[in-house]
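*Asks:* Have a look at this one before I ask anything.
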Amino acid sequence: MTLILPFRALRPAPGRAADVLAPPYDVLSSAEALTRANGKPWSFLHISKPEIDLEPSISPYNPNVYAKAAENLKSMIAAGVLMRDTAPCYYVYRLTWRGHTQTGLAATASIADYNTNRIRKHEHTTPVKEDDRVRQIEAINAQTGPVMIAYPAAPALDAMLARAAAGTPAVDVIADDGVRHQLWVIADGAATQALTRAVDALPALYIADGHHRSAAAARVAKASGTDAASQFLAVLFPHHQMTILDYNRLLKDLNGHTPDQLLGKLRANFALSASDSPVRPAASNEFGMYLAGQWHRLTLRPELVPASDPIGRLPITLLTRHVIEPLFGITDQRSDKRIDFVGGGRGLEELARRVSSGEMAAAFSLYPTQMADLMAVADAGLIMPPKSTWFEPKLADGMVSHVLD
């Protein structure tokens, strides 16, 4: 069994991609999805967030929601909005956002290699979210949300993808968030075989975004035992092209400290300096803090950074060990209601706004997790702290889906 295989993608018919493509199901609330899908009857949100077509009070985990997803998918196929390729293909998927471009390969990846950790993980999953994806896959008999995967240095593979993307794309759409999505179909047998061999020569692949989708696919495969279910939908990108944004923290209170007391305690391990502008950290041991109307730059003493520990040297681990736990008394960031998380796409101004409004008491900006550190954590078989990575740009739901037959 090889790491990846070509597949017969279910994808937008010619000229329909702009009507279909939608943000990933897990970045929008139901209310946000309803707004985004307004006036768009063929938006993939009707499949990925089908509760928008039912009564507002319904739980997104109600069985009727999954049944509605199946109904909507059948309607889109019957209307010719979605079509399925007649033979297995690979697909080059390119994302362009704010001057950044990354070019990947859409394929189905081996669940057997996922189970043996050749396709490596770095996050825990939550049962509720995993169960949701299992029910979605089973209801519509398809995997509709691609898992974003990174592959290690492979210049020859990068070049193969670049050559495949030299012609006119089958899809070229700029979404309403400004991300350009392009897709090229690779149907030539020799080309698909060469890509299969190139990927299979890699020592490992790394899940970047989509741990719940891959875990759910593995559960469905175990239950069904069919060949079609033995693969999961993925898009593989060169690790050096992928962008992880900062994932920042907001604290609801100062745990009994005054602002001056907190600054005093921070000076034990950090060099502090006030800043007239928002602080965007330039290194893993550097942090910005917005407190009482003022930005500060915090630099952790270098000897407190454990260079040989892939978890210990992460920016969020350093902040947790030296600030969040000892000074704010928060030991479980997954469940403690006194902490919130803001992806870097919202900007540092969002941190200051929420503190200045009185909603939060302090905010911390972090240096983004680096791909090399993510891969080192996965290679060591370890788990990243919660909310460590925020990948941008994101893949669109509806560009390619994997039907399980």
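Every chain in the structure tokens has a letter given in the order shown (A, B, ...), and although residue numbers restart at 1 in each chain, ligands are simply numbered from 1 in the order shown.
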Which residues in range 90-177 of chain A does DSSP call helix (DSSP H, G or I)? List them as a PyMOL selection string.

*Replies:* chain A and resi 111-115+127-140+155-164

*Asks:* Find the residues near Asn141 in chain A: any atom within 12 Å, counting only C-alpha atoms, skip ones fewer than 5 places away on the same chain, and give them as a PDB file with C-alpha atoms, in the first residue's frame.

*Replies:*
ATOM      1  CA  LEU A  10     -16.575  15.001  -6.617  1.00  0.00           C
ATOM      2  CA  TYR A  66     -26.877  14.807   8.953  1.00  0.00           C
ATOM      3  CA  ALA A  67     -29.890  13.626   6.942  1.00  0.00           C
ATOM      4  CA  ALA A  69     -26.585  17.118   4.505  1.00  0.00           C
ATOM      5  CA  ALA A  70     -27.190  13.937   2.503  1.00  0.00           C
ATOM      6  CA  GLU A  71     -30.317  15.409   0.916  1.00  0.00           C
ATOM      7  CA  LEU A  73     -25.566  16.729  -1.532  1.00  0.00           C
ATOM      8  CA  LYS A  74     -27.880  14.615  -3.697  1.00  0.00           C
ATOM      9  CA  ARG A 133     -17.384  14.009  11.635  1.00  0.00           C
ATOM     10  CA  VAL A 134     -18.061  10.265  11.821  1.00  0.00           C
ATOM     11  CA  ARG A 135     -21.813  10.883  11.517  1.00  0.00           C
ATOM     12  CA  GLN A 136     -21.271  13.334   8.665  1.00  0.00           C
ATOM     13  CA  ALA A 217     -12.098   8.719   8.726  1.00  0.00           C
ATOM     14  CA  VAL A 220     -15.295   4.854   9.667  1.00  0.00           C
ATOM     15  CA  ALA A 221     -12.687   2.713   7.911  1.00  0.00           C
ATOM     16  CA  SER A 224     -16.788  -0.504   7.314  1.00  0.00           C
ATOM     17  CA  ALA A 228     -12.910   2.948  -0.457  1.00  0.00           C
ATOM     18  CA  ALA A 229     -12.972   3.835   3.237  1.00  0.00           C
ATOM     19  CA  SER A 401     -14.659  15.527  -2.043  1.00  0.00           C
ATOM     20  CA  HIS A 402     -13.964  11.807  -1.749  1.00  0.00           C
ATOM     21  CA  VAL A 403     -16.963   9.535  -2.308  1.00  0.00           C
ATOM     22  CA  LEU A 404     -16.706   6.203  -0.489  1.00  0.00           C
ATOM     23  CA  ASP A 405     -17.687   3.701  -3.199  1.00  0.00           C
TER      24      ASP A 405
END

*Asks:* Applying 8 Å and only C-alpha atoms, which residues near Leu161 in chain A remain after dropping the ones on its own chain fewer than 3 positions away? List them as a list in words.

*Replies:*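 Selected residues are Val92, Thr103, Gly104, Leu105, Leu157, Asp158, Ala164 and Ala165 of chain A.
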
*Asks:* Keeping only C-alpha atoms, take the residues you just selected and write them out as a CSV table (one decimal), in the first residue's frame.

*Replies:*
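So again.csv came out as:
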chain,number,residue,atom,x,y,z
A,92,VAL,CA,-2.9,20.3,-7.8
A,103,THR,CA,1.0,24.6,-4.1
A,104,GLY,CA,-0.2,21.2,-2.9
A,105,LEU,CA,-1.4,17.8,-4.1
A,157,LEU,CA,8.1,16.7,-5.8
A,158,ASP,CA,7.8,20.5,-5.5
A,164,ALA,CA,1.5,20.3,-13.4
A,165,ALA,CA,0.2,23.8,-12.5

*Asks:* If we count only C-alpha atoms and set the cut-off at 8 Å, which residues sit around range 248-259 of chain A, ignoring sequence neighbours fewer than 6 positions away in its own chain? Please answer as number ranges by chain.

*Replies:* A: 291-292, 327-329, 338-344, 351, 359-366

*Asks:* At a cut-off of 9 Å, can you tabulate as JSON lines every residue of range 209-310 of chain A near range 129-132 of chain A together with its closest atom pair and the distance in Å to one decimal, using only C-alpha atoms and ordering rows by chain then number?

*Replies:*
{"residue": "A:His211", "atom": "CA", "partner": "A:Glu130", "partner_atom": "CA", "distance": 8.8}
{"residue": "A:His212", "atom": "CA", "partner": "A:Glu130", "partner_atom": "CA", "distance": 5.2}
{"residue": "A:Arg213", "atom": "CA", "partner": "A:Glu130", "partner_atom": "CA", "distance": 7.2}
{"residue": "A:Ala215", "atom": "CA", "partner": "A:Glu130", "partner_atom": "CA", "distance": 6.9}
{"residue": "A:Ala216", "atom": "CA", "partner": "A:Glu130", "partner_atom": "CA", "distance": 5.6}

*Asks:* Keeping only N, CA and C atoms, take the residues you just selected and write them out as a compact mmCIF listing (two decimals), in the first residue's frame.

*Replies:*
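As a result, result-v7.txt now contains:
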# COMPACT_ATOMS: atom_id res chain seq x y z
N HIS A 211 -7.17 17.18 12.36
CA HIS A 211 -7.04 15.98 13.19
C HIS A 211 -8.37 15.29 13.43
N HIS A 212 -9.45 16.05 13.57
CA HIS A 212 -10.76 15.42 13.78
C HIS A 212 -11.23 14.71 12.52
N ARG A 213 -10.98 15.31 11.36
CA ARG A 213 -11.40 14.69 10.10
C ARG A 213 -10.65 13.38 9.85
N ALA A 215 -9.12 11.46 12.16
CA ALA A 215 -9.50 10.49 13.18
C ALA A 215 -10.87 9.89 12.88
N ALA A 216 -11.80 10.72 12.42
CA ALA A 216 -13.13 10.22 12.07
C ALA A 216 -13.06 9.26 10.89

*Asks:* If you run DSSP on the backbone here, which positions in range 243-328 of chain A get strand (DSSP E)? Please write them as JSON, numbers by chain.

*Replies:* {"A": [244, 245, 247, 248, 249, 250, 251, 270, 271, 272, 273, 274, 275, 286, 287, 288, 289, 290, 291, 294, 295, 296, 297, 298, 299, 300]}

*Asks:* If you count only C-alpha atoms, which residues fall within 12 Å of Pro50 in chain A, apart from same-chain ones fewer than 3 positions away, as an NGL selection string?

*Replies:* :A and (25 or 29-31 or 33-34 or 37 or 41-47 or 53-56 or 58-73 or 136 or 139-140)

*Asks:* Please dump the current selection as a short mmCIF file (atom, residue, chain, number, x, y, z; two decimals), in the first residue's frame; keep C-alpha atoms.

*Replies:*
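Writing done, so here's out_9.cif:
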data_model
loop_
_atom_site.label_atom_id
_atom_site.label_comp_id
_atom_site.auth_asym_id
_atom_site.auth_seq_id
_atom_site.Cartn_x
_atom_site.Cartn_y
_atom_site.Cartn_z
CA TYR A 25 -16.96 23.83 8.38
CA SER A 29 -20.50 29.15 13.79
CA SER A 30 -23.95 28.12 12.61
CA ALA A 31 -25.05 31.75 12.67
CA ALA A 33 -22.63 30.04 8.15
CA LEU A 34 -26.26 31.11 7.74
CA ALA A 37 -24.83 31.17 2.66
CA PRO A 41 -28.32 28.02 -2.77
CA TRP A 42 -25.34 26.00 -4.01
CA SER A 43 -22.88 26.99 -1.29
CA PHE A 44 -21.16 23.94 0.17
CA LEU A 45 -22.23 25.24 3.58
CA HIS A 46 -25.57 23.57 2.88
CA ILE A 47 -23.65 20.26 3.13
CA ASP A 53 -31.54 24.86 6.43
CA LEU A 54 -33.44 23.71 9.53
CA GLU A 55 -35.13 25.44 12.44
CA PRO A 56 -32.77 27.84 14.28
CA ILE A 58 -31.86 22.66 16.30
CA SER A 59 -28.64 21.19 17.64
CA PRO A 60 -25.94 20.79 14.96
CA TYR A 61 -25.61 17.21 16.21
CA ASN A 62 -29.27 16.31 15.69
CA PRO A 63 -29.74 13.29 13.35
CA ASN A 64 -31.92 15.44 11.09
CA VAL A 65 -28.90 17.67 10.42
CA TYR A 66 -26.88 14.81 8.95
CA ALA A 67 -29.89 13.63 6.94
CA LYS A 68 -30.23 17.16 5.56
CA ALA A 69 -26.59 17.12 4.51
CA ALA A 70 -27.19 13.94 2.50
CA GLU A 71 -30.32 15.41 0.92
CA ASN A 72 -28.51 18.62 -0.06
CA LEU A 73 -25.57 16.73 -1.53
CA GLN A 136 -21.27 13.33 8.67
CA ALA A 139 -24.63 10.11 6.37
CA ILE A 140 -23.34 11.37 3.03
#

*Asks:* What's the separation between CA of Gln231 in chain A and CA of Glu123 in chain A, in Å to one decimal place?

*Replies:* 20.1 Å
